[in-house]
file final-v8.tsv (TSV, C-alpha atoms and all ligand atoms)
chain	number	residue	atom	x	y	z
A	1	MET	CA	158.18	172.89	85.87
A	2	ASP	CA	161.39	173.22	87.85
A	3	ASP	CA	160.21	172.09	91.25
A	4	PHE	CA	158.34	168.91	90.37
A	5	LEU	CA	160.29	166.68	92.75
A	6	VAL	CA	161.91	168.62	95.56
A	7	ILE	CA	164.33	167.07	98.02
A	8	ASP	CA	164.64	169.60	100.80
A	9	ARG	CA	167.58	169.27	103.24
A	10	VAL	CA	167.12	165.52	103.63
A	11	SER	CA	169.37	163.62	106.08
A	12	LYS	CA	169.52	159.97	107.12
A	13	SER	CA	171.90	158.32	109.59
A	14	PHE	CA	172.52	154.68	110.43
A	15	GLY	CA	173.95	154.75	113.96
A	16	ALA	CA	176.85	157.20	113.90
A	17	LEU	CA	177.08	157.14	110.10
A	18	ARG	CA	175.48	160.01	108.17
A	19	ALA	CA	174.58	158.15	104.97
A	20	VAL	CA	172.74	161.17	103.49
A	21	ASP	CA	173.76	164.56	104.84
A	22	GLY	CA	171.49	167.55	104.19
A	23	VAL	CA	170.81	166.89	100.50
A	24	SER	CA	168.67	169.38	98.56
A	25	LEU	CA	167.77	168.78	94.91
A	26	SER	CA	165.10	170.00	92.52
A	27	ILE	CA	164.18	167.64	89.70
A	28	ARG	CA	162.07	168.70	86.71
A	29	GLN	CA	159.01	166.92	85.41
A	30	GLY	CA	159.99	164.54	82.61
A	31	GLU	CA	163.68	164.84	83.37
A	32	ALA	CA	166.17	161.95	83.19
A	33	PHE	CA	168.24	162.55	86.30
A	34	SER	CA	171.10	160.52	87.80
A	35	LEU	CA	172.46	160.19	91.31
A	36	LEU	CA	176.11	159.34	90.65
A	37	GLY	CA	178.87	158.56	93.10
A	38	PRO	CA	181.23	155.93	94.48
A	39	SER	CA	180.09	152.99	96.56
A	40	GLY	CA	178.82	154.10	99.96
A	41	CYS	CA	178.18	157.75	99.02
A	42	GLY	CA	174.50	157.49	99.97
A	43	LYS	CA	172.82	157.37	96.57
A	44	THR	CA	170.83	154.17	97.22
A	45	THR	CA	169.71	155.46	100.62
A	46	LEU	CA	168.45	158.64	98.93
A	47	LEU	CA	166.66	156.58	96.26
A	48	ARG	CA	165.06	154.43	98.96
A	49	MET	CA	163.74	157.56	100.68
A	50	LEU	CA	162.23	158.73	97.39
A	51	ALA	CA	160.55	155.33	97.02
A	52	GLY	CA	159.34	155.34	100.63
A	53	PHE	CA	161.38	152.32	101.80
A	54	GLU	CA	163.31	154.56	104.23
A	55	THR	CA	162.17	157.59	106.20
A	56	PRO	CA	164.43	160.65	106.46
A	57	ASP	CA	165.59	161.71	109.95
A	58	SER	CA	165.03	165.29	108.84
A	59	GLY	CA	164.04	167.21	105.72
A	60	ARG	CA	161.13	166.84	103.32
A	61	ILE	CA	160.34	165.29	99.95
A	62	LEU	CA	157.73	167.12	97.85
A	63	LEU	CA	156.18	165.73	94.70
A	64	GLY	CA	154.09	168.07	92.56
A	65	GLY	CA	153.89	170.44	95.52
A	66	LYS	CA	152.63	167.73	97.89
A	67	ASP	CA	154.64	166.55	100.90
A	68	VAL	CA	155.14	162.78	100.45
A	69	THR	CA	157.86	162.34	103.12
A	70	GLY	CA	155.70	160.21	105.42
A	71	LEU	CA	153.77	158.26	102.77
A	72	LEU	CA	154.14	154.49	102.37
A	73	PRO	CA	155.67	153.24	99.10
A	74	GLU	CA	152.27	152.17	97.72
A	75	GLN	CA	150.79	155.57	98.52
A	76	ARG	CA	153.30	157.40	96.30
A	77	PRO	CA	153.02	157.76	92.51
A	78	VAL	CA	156.55	156.37	92.33
A	79	ASN	CA	157.74	152.95	91.10
A	80	THR	CA	161.13	151.30	91.31
A	81	VAL	CA	163.02	149.02	88.94
A	82	PHE	CA	165.25	146.98	91.23
A	83	GLN	CA	168.75	145.86	90.37
A	84	ASN	CA	167.76	142.18	90.26
A	85	TYR	CA	164.46	143.04	88.45
A	86	ALA	CA	162.43	141.04	91.05
A	87	LEU	CA	160.22	139.36	88.41
A	88	PHE	CA	157.80	136.56	89.38
A	89	PRO	CA	159.42	133.40	87.95
A	90	HIS	CA	156.16	131.41	87.74
A	91	LEU	CA	154.30	134.11	85.75
A	92	ASN	CA	154.84	134.77	82.08
A	93	VAL	CA	155.89	138.16	80.71
A	94	TRP	CA	152.32	139.34	80.11
A	95	GLU	CA	151.19	138.31	83.61
A	96	ASN	CA	154.26	139.90	85.22
A	97	VAL	CA	153.41	143.23	83.62
A	98	ALA	CA	149.70	142.86	84.42
A	99	PHE	CA	150.31	142.01	88.08
A	100	GLY	CA	150.12	145.53	89.55
A	101	LEU	CA	146.99	146.45	87.59
A	102	ARG	CA	145.28	143.21	88.67
A	103	MET	CA	146.15	143.88	92.32
A	104	SER	CA	144.57	147.31	92.09
A	105	ARG	CA	141.50	145.67	90.48
A	106	ARG	CA	141.53	147.68	87.28
A	107	PRO	CA	138.87	146.75	84.71
A	108	ARG	CA	139.79	143.78	82.50
A	109	GLU	CA	139.86	145.83	79.28
A	110	GLU	CA	142.08	148.51	80.81
A	111	ILE	CA	144.52	145.82	81.95
A	112	ARG	CA	144.61	144.21	78.51
A	113	SER	CA	145.22	147.42	76.59
A	114	GLY	CA	147.67	148.76	79.20
A	115	VAL	CA	149.82	145.62	79.19
A	116	ASP	CA	149.75	145.30	75.38
A	117	ARG	CA	150.80	148.94	75.03
A	118	MET	CA	153.69	148.50	77.48
A	119	LEU	CA	154.95	145.32	75.82
A	120	GLU	CA	154.94	147.15	72.52
A	121	LEU	CA	156.87	150.03	74.09
A	122	VAL	CA	159.62	147.71	75.34
A	123	ARG	CA	159.43	145.58	72.15
A	124	LEU	CA	158.46	142.35	73.89
A	125	SER	CA	155.02	141.69	72.37
A	126	GLU	CA	156.16	138.48	70.71
A	127	HIS	CA	157.66	137.19	73.96
A	128	ALA	CA	154.47	137.78	75.99
A	129	ARG	CA	153.94	134.08	76.79
A	130	LYS	CA	157.49	133.31	77.89
A	131	ARG	CA	158.57	132.98	81.49
A	132	PRO	CA	161.45	135.14	82.83
A	133	ALA	CA	163.85	132.16	82.75
A	134	GLN	CA	163.37	131.92	78.97
A	135	LEU	CA	164.50	135.51	78.40
A	136	SER	CA	167.90	137.22	78.03
A	137	GLY	CA	169.12	139.64	80.72
A	138	GLY	CA	168.20	142.65	78.60
A	139	GLN	CA	164.71	141.27	77.92
A	140	ARG	CA	164.17	140.60	81.62
A	141	GLN	CA	165.10	144.15	82.38
A	142	ARG	CA	162.61	145.43	79.81
A	143	VAL	CA	159.88	143.36	81.50
A	144	ALA	CA	160.80	145.01	84.82
A	145	ILE	CA	160.57	148.46	83.22
A	146	ALA	CA	157.22	147.67	81.56
A	147	ARG	CA	155.87	146.37	84.87
A	148	ALA	CA	156.98	149.52	86.68
A	149	LEU	CA	155.56	151.86	84.03
A	150	VAL	CA	152.22	150.17	83.39
A	151	ASN	CA	150.33	151.96	86.15
A	152	ARG	CA	151.69	155.30	84.96
A	153	PRO	CA	153.81	156.43	87.92
A	154	GLN	CA	154.88	160.07	87.97
A	155	VAL	CA	158.44	159.05	88.81
A	156	LEU	CA	160.37	155.90	87.87
A	157	LEU	CA	163.39	155.05	90.03
A	158	LEU	CA	166.01	152.79	88.46
A	159	ASP	CA	168.65	151.30	90.77
A	160	GLU	CA	171.85	150.47	88.85
A	161	PRO	CA	169.73	149.36	85.89
A	162	LEU	CA	172.61	148.08	83.78
A	163	ALA	CA	174.79	146.48	86.47
A	164	ALA	CA	173.65	142.91	85.76
A	165	LEU	CA	174.28	143.07	82.00
A	166	ASP	CA	177.45	142.38	80.03
A	167	LEU	CA	179.21	145.20	78.20
A	168	LYS	CA	177.60	144.80	74.75
A	169	LEU	CA	174.13	144.50	76.21
A	170	ARG	CA	174.76	147.50	78.45
A	171	GLN	CA	175.59	149.66	75.46
A	172	HIS	CA	172.45	148.46	73.71
A	173	MET	CA	170.25	149.08	76.76
A	174	LEU	CA	171.56	152.65	77.08
A	175	VAL	CA	169.97	153.36	73.73
A	176	GLU	CA	166.79	151.45	74.66
A	177	LEU	CA	166.40	153.29	77.97
A	178	ASN	CA	166.78	156.67	76.30
A	179	ALA	CA	164.16	155.70	73.70
A	180	ILE	CA	161.71	154.47	76.37
A	181	HIS	CA	162.22	157.63	78.42
A	182	GLU	CA	161.60	159.80	75.38
A	183	GLN	CA	158.40	157.95	74.51
A	184	VAL	CA	156.77	157.87	77.94
A	185	GLY	CA	158.00	161.26	79.17
A	186	THR	CA	157.97	160.07	82.79
A	187	THR	CA	160.57	161.47	85.21
A	188	PHE	CA	163.37	158.88	85.42
A	189	ILE	CA	165.84	158.87	88.31
A	190	TYR	CA	168.82	156.59	87.96
A	191	VAL	CA	171.25	155.49	90.64
A	192	THR	CA	174.64	154.54	89.25
A	193	HIS	CA	178.33	154.54	90.11
A	194	ASP	CA	179.26	154.48	86.41
A	195	GLN	CA	180.00	157.93	85.04
A	196	GLY	CA	179.66	156.79	81.41
A	197	GLU	CA	176.19	155.45	82.10
A	198	ALA	CA	175.14	158.61	83.92
A	199	MET	CA	176.50	160.80	81.11
A	200	SER	CA	174.65	158.85	78.39
A	201	LEU	CA	171.33	158.53	80.23
A	202	SER	CA	170.83	161.86	81.94
A	203	ASP	CA	169.70	165.39	81.28
A	204	ARG	CA	171.36	166.30	84.58
A	205	ILE	CA	173.49	164.49	87.14
A	206	ALA	CA	174.00	165.00	90.87
A	207	VAL	CA	177.51	163.86	91.84
A	208	MET	CA	177.49	162.61	95.44
A	209	ASN	CA	180.37	162.12	97.85
A	210	GLU	CA	180.11	161.02	101.49
A	211	GLY	CA	176.40	161.72	101.79
A	212	ARG	CA	176.51	165.15	100.17
A	213	VAL	CA	175.91	166.54	96.71
A	214	GLU	CA	179.16	167.91	95.26
A	215	GLN	CA	177.69	169.34	92.05
A	216	VAL	CA	174.50	169.19	90.00
A	217	ASP	CA	174.84	169.91	86.30
A	218	GLU	CA	174.33	168.76	82.75
A	219	PRO	CA	176.82	166.06	81.70
A	220	GLU	CA	178.88	168.38	79.52
A	221	ALA	CA	179.11	171.06	82.21
A	222	LEU	CA	180.26	168.48	84.78
A	223	TYR	CA	183.02	167.40	82.45
A	224	GLU	CA	184.06	170.84	81.22
A	225	THR	CA	183.61	172.87	84.40
A	226	PRO	CA	183.87	170.61	87.45
A	227	ARG	CA	183.87	172.65	90.61
A	228	SER	CA	185.90	170.30	92.78
A	229	GLY	CA	188.80	167.93	92.37
A	230	PHE	CA	186.48	165.10	93.36
A	231	VAL	CA	184.08	165.79	90.48
A	232	ALA	CA	186.96	166.30	88.02
A	233	THR	CA	188.43	162.89	88.79
A	234	PHE	CA	185.15	161.03	89.18
A	235	ILE	CA	183.99	162.24	85.75
A	236	GLY	CA	186.93	161.55	83.46
A	237	ASP	CA	190.64	162.04	84.08
A	238	ALA	CA	192.41	165.19	85.05
A	239	ASN	CA	195.79	166.78	85.69
A	240	PHE	CA	196.01	168.97	88.78
A	241	PHE	CA	198.59	171.64	89.55
A	242	THR	CA	198.75	173.76	92.66
A	243	GLY	CA	200.19	177.26	92.54
A	244	MET	CA	199.89	180.84	93.72
A	245	PRO	CA	197.66	183.30	91.87
A	246	VAL	CA	199.79	186.20	90.67
A	247	GLU	CA	197.45	188.25	88.47
A	248	LEU	CA	193.70	188.43	87.89
A	249	LYS	CA	193.09	189.94	84.45
A	250	HIS	CA	190.26	192.30	83.58
A	251	ASP	CA	188.70	189.68	81.32
A	252	GLY	CA	188.47	187.19	84.20
A	253	TYR	CA	191.52	185.07	83.38
A	254	LEU	CA	193.93	184.24	86.14
A	255	ARG	CA	197.71	183.85	86.00
A	256	VAL	CA	198.97	181.18	88.38
A	257	GLN	CA	202.60	180.54	89.22
A	258	VAL	CA	203.21	176.80	89.27
A	259	GLU	CA	206.63	175.45	90.22
A	260	GLY	CA	208.19	173.86	87.14
A	261	LEU	CA	205.49	175.02	84.70
A	262	GLY	CA	206.01	178.78	84.66
A	263	SER	CA	202.92	180.97	85.04
A	264	PRO	CA	200.05	179.58	82.96
A	265	LEU	CA	196.96	181.66	82.31
A	266	VAL	CA	193.71	179.84	83.15
A	267	HIS	CA	189.98	180.42	83.26
A	268	GLY	CA	189.38	182.40	86.45
A	269	SER	CA	185.90	181.24	87.44
A	270	GLY	CA	186.00	179.58	90.85
A	271	PHE	CA	188.85	181.85	91.97
A	272	VAL	CA	188.22	183.27	95.44
A	273	SER	CA	191.26	184.71	97.20
A	274	SER	CA	194.66	185.91	96.02
A	275	HIS	CA	196.31	184.98	99.31
A	276	GLU	CA	195.68	181.25	99.12
A	277	PRO	CA	197.18	178.67	96.78
A	278	VAL	CA	194.81	177.52	94.04
A	279	ARG	CA	194.44	174.24	92.28
A	280	ILE	CA	194.01	174.17	88.52
A	281	MET	CA	192.70	171.28	86.46
A	282	ILE	CA	193.39	170.38	82.81
A	283	ARG	CA	191.94	167.38	80.99
A	284	PRO	CA	194.57	165.11	79.34
A	285	GLU	CA	193.01	165.50	75.88
A	286	LYS	CA	193.21	169.30	76.06
A	287	ILE	CA	197.01	169.22	76.17
A	288	SER	CA	198.82	169.31	72.82
A	289	LEU	CA	202.27	167.81	72.35
A	290	THR	CA	204.67	169.22	69.78
A	291	LEU	CA	208.39	168.94	69.14
A	292	GLU	CA	208.69	172.64	68.34
A	293	ARG	CA	207.62	175.39	70.67
A	294	PRO	CA	204.05	176.30	69.62
A	295	GLN	CA	203.46	179.70	68.04
A	296	SER	CA	202.99	181.58	71.24
A	297	GLY	CA	201.23	184.74	72.09
A	298	GLU	CA	199.68	185.49	75.40
A	299	ARG	CA	196.83	183.01	74.86
A	300	VAL	CA	198.92	179.85	74.75
A	301	ASN	CA	200.42	178.20	77.80
A	302	ALA	CA	203.48	176.22	76.81
A	303	PHE	CA	206.05	174.35	78.83
A	304	ARG	CA	208.68	171.73	78.20
A	305	GLY	CA	208.87	168.18	79.43
A	306	VAL	CA	210.40	164.77	78.78
A	307	VAL	CA	208.27	161.81	77.69
A	308	GLU	CA	208.59	159.10	80.34
A	309	ASP	CA	206.09	156.63	79.01
A	310	SER	CA	203.30	156.12	76.51
A	311	VAL	CA	200.35	153.74	76.49
A	312	TYR	CA	198.56	152.79	73.30
A	313	PHE	CA	194.75	152.38	73.41
A	314	GLY	CA	193.88	151.88	69.73
A	315	SER	CA	191.89	155.03	69.05
A	316	HIS	CA	194.18	157.16	71.19
A	317	ALA	CA	197.45	157.11	73.11
A	318	ARG	CA	198.39	158.53	76.50
A	319	TYR	CA	201.71	160.11	77.31
A	320	HIS	CA	203.25	160.62	80.72
A	321	VAL	CA	205.47	163.66	80.45
A	322	ARG	CA	207.81	164.79	83.22
A	323	ALA	CA	208.05	168.54	83.85
A	324	GLY	CA	209.97	169.21	87.05
A	325	GLU	CA	208.12	167.51	89.89
A	326	HIS	CA	204.97	167.08	87.78
A	327	LEU	CA	204.03	164.03	85.77
A	328	VAL	CA	201.59	165.38	83.20
A	329	ILE	CA	199.17	163.11	81.34
A	330	ALA	CA	198.41	164.06	77.75
A	331	GLN	CA	196.02	162.10	75.56
A	332	LEU	CA	196.23	162.27	71.78
A	333	GLN	CA	193.91	160.88	69.14
A	334	ARG	CA	195.71	158.50	66.80
A	335	SER	CA	194.44	160.41	63.76
A	336	ARG	CA	196.35	163.49	64.92
A	337	PHE	CA	199.68	161.76	64.35
A	338	SER	CA	199.15	161.53	60.61
A	339	GLY	CA	197.91	165.10	60.44
A	340	GLY	CA	201.36	166.57	61.02
A	341	GLY	CA	201.34	165.76	64.72
A	342	ILE	CA	204.07	163.86	66.47
A	343	GLU	CA	204.41	160.41	67.88
A	344	PRO	CA	207.02	161.11	70.52
A	345	ALA	CA	209.35	158.39	71.72
A	346	ARG	CA	210.29	157.73	75.32
A	347	GLY	CA	212.94	160.24	76.36
A	348	ALA	CA	211.91	162.83	73.74
A	349	VAL	CA	211.85	166.46	74.82
A	350	VAL	CA	208.44	167.89	73.91
A	351	TRP	CA	206.40	171.04	74.33
A	352	MET	CA	203.09	170.74	76.11
A	353	SER	CA	200.56	173.48	75.50
A	354	PHE	CA	196.97	174.33	76.32
A	355	HIS	CA	194.60	177.22	75.80
A	356	PRO	CA	193.68	179.29	78.90
A	357	ASP	CA	190.03	178.23	78.53
A	358	GLU	CA	191.05	174.62	79.15
A	359	GLY	CA	192.59	175.27	82.55
A	360	ARG	CA	190.08	175.64	85.40
A	361	VAL	CA	190.32	176.54	89.05
A	362	VAL	CA	188.82	173.79	91.23
A	363	ARG	CA	188.29	173.65	94.98
A	364	LEU	CA	191.28	172.43	96.96
A	365	GLU	CA	189.26	170.45	99.48
A	366	GLY	CA	187.37	167.25	98.75
A	367	ALA	CA	190.01	166.14	96.27
A	368	ALA	CA	190.17	162.50	95.36
B	401	LIG	P1	176.52	151.27	96.62
B	401	LIG	O1	176.78	151.79	95.26
B	401	LIG	O2	177.63	150.42	97.16
B	401	LIG	O3	175.17	150.68	96.80
B	401	LIG	P2	175.55	153.74	97.78
B	401	LIG	O4	176.19	155.01	97.33
B	401	LIG	O5	174.28	153.38	97.18
B	401	LIG	O6	176.59	152.56	97.62
B	401	LIG	P3	174.24	153.49	100.29
B	401	LIG	O7	173.78	152.10	100.02
B	401	LIG	O8	173.24	154.57	100.26
B	401	LIG	O9	175.45	153.86	99.35
B	401	LIG	O10	174.96	153.50	101.71
B	401	LIG	C1	175.50	154.67	102.30
B	401	LIG	C2	176.14	154.28	103.61
B	401	LIG	O11	175.12	153.88	104.55
B	401	LIG	C3	177.09	153.11	103.50
B	401	LIG	O12	178.20	153.34	104.33
B	401	LIG	C4	176.27	151.92	103.98
B	401	LIG	O13	177.09	150.95	104.56
B	401	LIG	C5	175.34	152.57	104.99
B	401	LIG	N1	174.03	151.89	105.08
B	401	LIG	C6	173.12	151.81	104.09
B	401	LIG	N2	172.00	151.15	104.50
B	401	LIG	C7	172.24	150.83	105.80
B	401	LIG	C8	171.46	150.14	106.81
B	401	LIG	N3	170.24	149.67	106.57
B	401	LIG	N4	172.02	149.97	108.03
B	401	LIG	C9	173.25	150.45	108.30
B	401	LIG	N5	174.02	151.11	107.40
B	401	LIG	C10	173.54	151.30	106.18

call {"tool": "encode", "arguments": {"input": "final-v8.tsv", "output": "structure tokens"}}
result
Amino acid sequence: MDDFLVIDRVSKSFGALRAVDGVSLSIRQGEAFSLLGPSGCGKTTLLRMLAGFETPDSGRILLGGKDVTGLLPEQRPVNTVFQNYALFPHLNVWENVAFGLRMSRRPREEIRSGVDRMLELVRLSEHARKRPAQLSGGQRQRVAIARALVNRPQVLLLDEPLAALDLKLRQHMLVELNAIHEQVGTTFIYVTHDQGEAMSLSDRIAVMNEGRVEQVDEPEALYETPRSGFVATFIGDANFFTGMPVELKHDGYLRVQVEGLGSPLVHGSGFVSSHEPVRIMIRPEKISLTLERPQSGERVNAFRGVVEDSVYFGSHARYHVRAGEHLVIAQLQRSRFSGGGIEPARGAVVWMSFHPDEGRVVRLEGAA
């Protein structure tokens, strides 16, 4: 079902500031969806409107076809896992998870089986009698998730769920969260400013910037075909070159004249007008470096440059290569060096090349 949770032209201002500006999104039932963006882009405000803690100035929120915009938080089939987990320190794990069911006066047997089932799901059954202070950060978070899921909400909102955990635990919890989501099948909506987290947790991601949605897509599509400079730099690293379009080919590829780089051929999607300069984007790892000019042919873009600097990262290395006014970043896997590749020294003259499919036209405005 495509229109399970519909956010329809929702706006929210605080004084003169438009925190959320006409956002429309359609989230599927059972989907793991992320709101991703830099601090202040409005993602928490949007999440709070979904939970019912804030009311939109305009627009509607529909859940399963029903307008929930004006409902109180407790009237919505939506629960939230807060960043600080908000557990009751004086109650043990079992009682924390049981709390909501007890408040809604569910039968004793239903509470017992519901809580036991949830503790099993988050693998905390053997810690049921411990208090929150006796648990690790990751365990505390799993209690918060169990507590939010126990009354079977239709949507679970998770606000920066991994922010309070150290790096190792974060990586572990990514796997745990995916497993929990898969088992319960509830719609999960994450708020995060961490692109890696969003990419690993989500079926789809909405990238937000200054209160608006820049692009909604699957993680791979966001990385491979970002539509704006903002998305390209927020999700991964990118080289940008601005030039004039000189030829649109029948097969949809576009030749762009870029000062200092010749006239590379790039993927033409996103191209609008031949009278305006365009901006093309190439990921650092899509650029090959060779000492010899690569076997050309129309389908290879190749240009020369001088290595200014290189930075070693263990599994890969990054090169800063000067080509006219451009400083191009190329990233090479270490294993490529032994496979006949090169390990160019500072000052070396090298050829940079990329396939036309790896160069994309992105919007000029909204660039980071
Ligand atoms: P962060 O990751 O830092 O939490 P965010 O993307 O979640 O950022 P929001 O918390 O939604 O951003 O805030 C969006 C904008 O609205 C910010 O400029 C923030 O200062 C402002 N804002 C949020 N809540 C309020 C409020 N209650 N009163 C006034 N301004 C607010």

call {"tool": "closest_residue", "arguments": {"input": "final-v8.tsv", "among": "A:Val81, A:Ala323, A:Ile235, A:Leu364", "to": "Phe188 in chain A", "atoms": "all atoms listed in the file"}}
result
A:Val81

call {"tool": "atom_distance", "arguments": {"input": "final-v8.tsv", "atom1": "CA of Arg28 in chain A", "atom2": "CA of Ile61 in chain A"}}
result
13.8 Å

call {"tool": "residues_around", "arguments": {"input": "final-v8.tsv", "residues": "His193 in chain A", "least_positions_apart": "4", "cutoff": "8 Å", "atoms": "all atoms listed in the file", "output": "NGL selection string"}}
result
:A and (36-39 or 160)

call {"tool": "closest_residue", "arguments": {"input": "final-v8.tsv", "among": "A:Gln83, A:Ser315, A:Ser269, A:Ser24", "to": "ligand LIG 401 (chain B)", "atoms": "all atoms listed in the file"}}
result
A:Gln83

call {"tool": "closest_atom_pairs", "arguments": {"input": "final-v8.tsv", "of": "chain A", "to": "ligand LIG 401 (chain B)", "cutoff": "9 Å", "atoms": "all atoms listed in the file", "output": "JSON lines"}}
result
{"residue": "A:Lys12", "atom": "CA", "partner": "B:LIG401", "partner_atom": "O11", "distance": 8.7}
{"residue": "A:Ser13", "atom": "CA", "partner": "B:LIG401", "partner_atom": "O11", "distance": 7.4}
{"residue": "A:Phe14", "atom": "CA", "partner": "B:LIG401", "partner_atom": "C9", "distance": 4.8}
{"residue": "A:Gly15", "atom": "CA", "partner": "B:LIG401", "partner_atom": "C9", "distance": 7.1}
{"residue": "A:Leu17", "atom": "CA", "partner": "B:LIG401", "partner_atom": "O11", "distance": 6.7}
{"residue": "A:Arg18", "atom": "CA", "partner": "B:LIG401", "partner_atom": "O11", "distance": 7.1}
{"residue": "A:Ala19", "atom": "CA", "partner": "B:LIG401", "partner_atom": "O11", "distance": 4.3}
{"residue": "A:Val20", "atom": "CA", "partner": "B:LIG401", "partner_atom": "C1", "distance": 7.2}
{"residue": "A:Leu35", "atom": "CA", "partner": "B:LIG401", "partner_atom": "O4", "distance": 8.8}
{"residue": "A:Leu36", "atom": "CA", "partner": "B:LIG401", "partner_atom": "O4", "distance": 8.0}
{"residue": "A:Gly37", "atom": "CA", "partner": "B:LIG401", "partner_atom": "O4", "distance": 6.1}
{"residue": "A:Pro38", "atom": "CA", "partner": "B:LIG401", "partner_atom": "O4", "distance": 5.9}
{"residue": "A:Ser39", "atom": "CA", "partner": "B:LIG401", "partner_atom": "O2", "distance": 3.6}
{"residue": "A:Gly40", "atom": "CA", "partner": "B:LIG401", "partner_atom": "O9", "distance": 3.4}
{"residue": "A:Cys41", "atom": "CA", "partner": "B:LIG401", "partner_atom": "O4", "distance": 3.8}
{"residue": "A:Gly42", "atom": "CA", "partner": "B:LIG401", "partner_atom": "O8", "distance": 3.2}
{"residue": "A:Lys43", "atom": "CA", "partner": "B:LIG401", "partner_atom": "O4", "distance": 4.2}
{"residue": "A:Thr44", "atom": "CA", "partner": "B:LIG401", "partner_atom": "O5", "distance": 3.5}
{"residue": "A:Thr45", "atom": "CA", "partner": "B:LIG401", "partner_atom": "O8", "distance": 3.7}
{"residue": "A:Leu46", "atom": "CA", "partner": "B:LIG401", "partner_atom": "O8", "distance": 6.4}
{"residue": "A:Leu47", "atom": "CA", "partner": "B:LIG401", "partner_atom": "O8", "distance": 8.0}
{"residue": "A:Arg48", "atom": "CA", "partner": "B:LIG401", "partner_atom": "O8", "distance": 8.3}
{"residue": "A:Glu54", "atom": "CA", "partner": "B:LIG401", "partner_atom": "N3", "distance": 8.8}
{"residue": "A:Asp159", "atom": "CA", "partner": "B:LIG401", "partner_atom": "O5", "distance": 8.8}
{"residue": "A:Glu160", "atom": "CA", "partner": "B:LIG401", "partner_atom": "O1", "distance": 8.2}
{"residue": "A:Val191", "atom": "CA", "partner": "B:LIG401", "partner_atom": "O5", "distance": 7.5}
{"residue": "A:Thr192", "atom": "CA", "partner": "B:LIG401", "partner_atom": "O1", "distance": 6.9}
{"residue": "A:His193", "atom": "CA", "partner": "B:LIG401", "partner_atom": "O1", "distance": 6.0}
{"residue": "A:Met208", "atom": "CA", "partner": "B:LIG401", "partner_atom": "O4", "distance": 7.9}
{"residue": "A:Asn209", "atom": "CA", "partner": "B:LIG401", "partner_atom": "O4", "distance": 8.3}
{"residue": "A:Glu210", "atom": "CA", "partner": "B:LIG401", "partner_atom": "C1", "distance": 7.9}
{"residue": "A:Gly211", "atom": "CA", "partner": "B:LIG401", "partner_atom": "C1", "distance": 7.1}

call {"tool": "atom_distance", "arguments": {"input": "final-v8.tsv", "atom1": "CA of Gly260 in chain A", "atom2": "CA of Met352 in chain A"}}
result
12.5 Å

call {"tool": "residues_around", "arguments": {"input": "final-v8.tsv", "residues": "Ser274 in chain A", "least_positions_apart": "5", "cutoff": "10 Å", "atoms": "all atoms listed in the file", "output": "PyMOL selection string"}}
result
chain A and resi 244-248+256

call {"tool": "atom_distance", "arguments": {"input": "final-v8.tsv", "atom1": "CA of Pro277 in chain A", "atom2": "CA of Asp357 in chain A"}}
result
19.6 Å

call {"tool": "closest_residue", "arguments": {"input": "final-v8.tsv", "among": "A:Val272, A:Ala232, A:Ile280, A:Ala345", "to": "Val307 in chain A", "atoms": "all atoms listed in the file"}}
result
A:Ala345

call {"tool": "closest_residue", "arguments": {"input": "final-v8.tsv", "among": "A:Ala16, A:Leu71, A:Val362, A:Ala51", "to": "Ala238 in chain A", "atoms": "only C-alpha atoms"}}
result
A:Val362
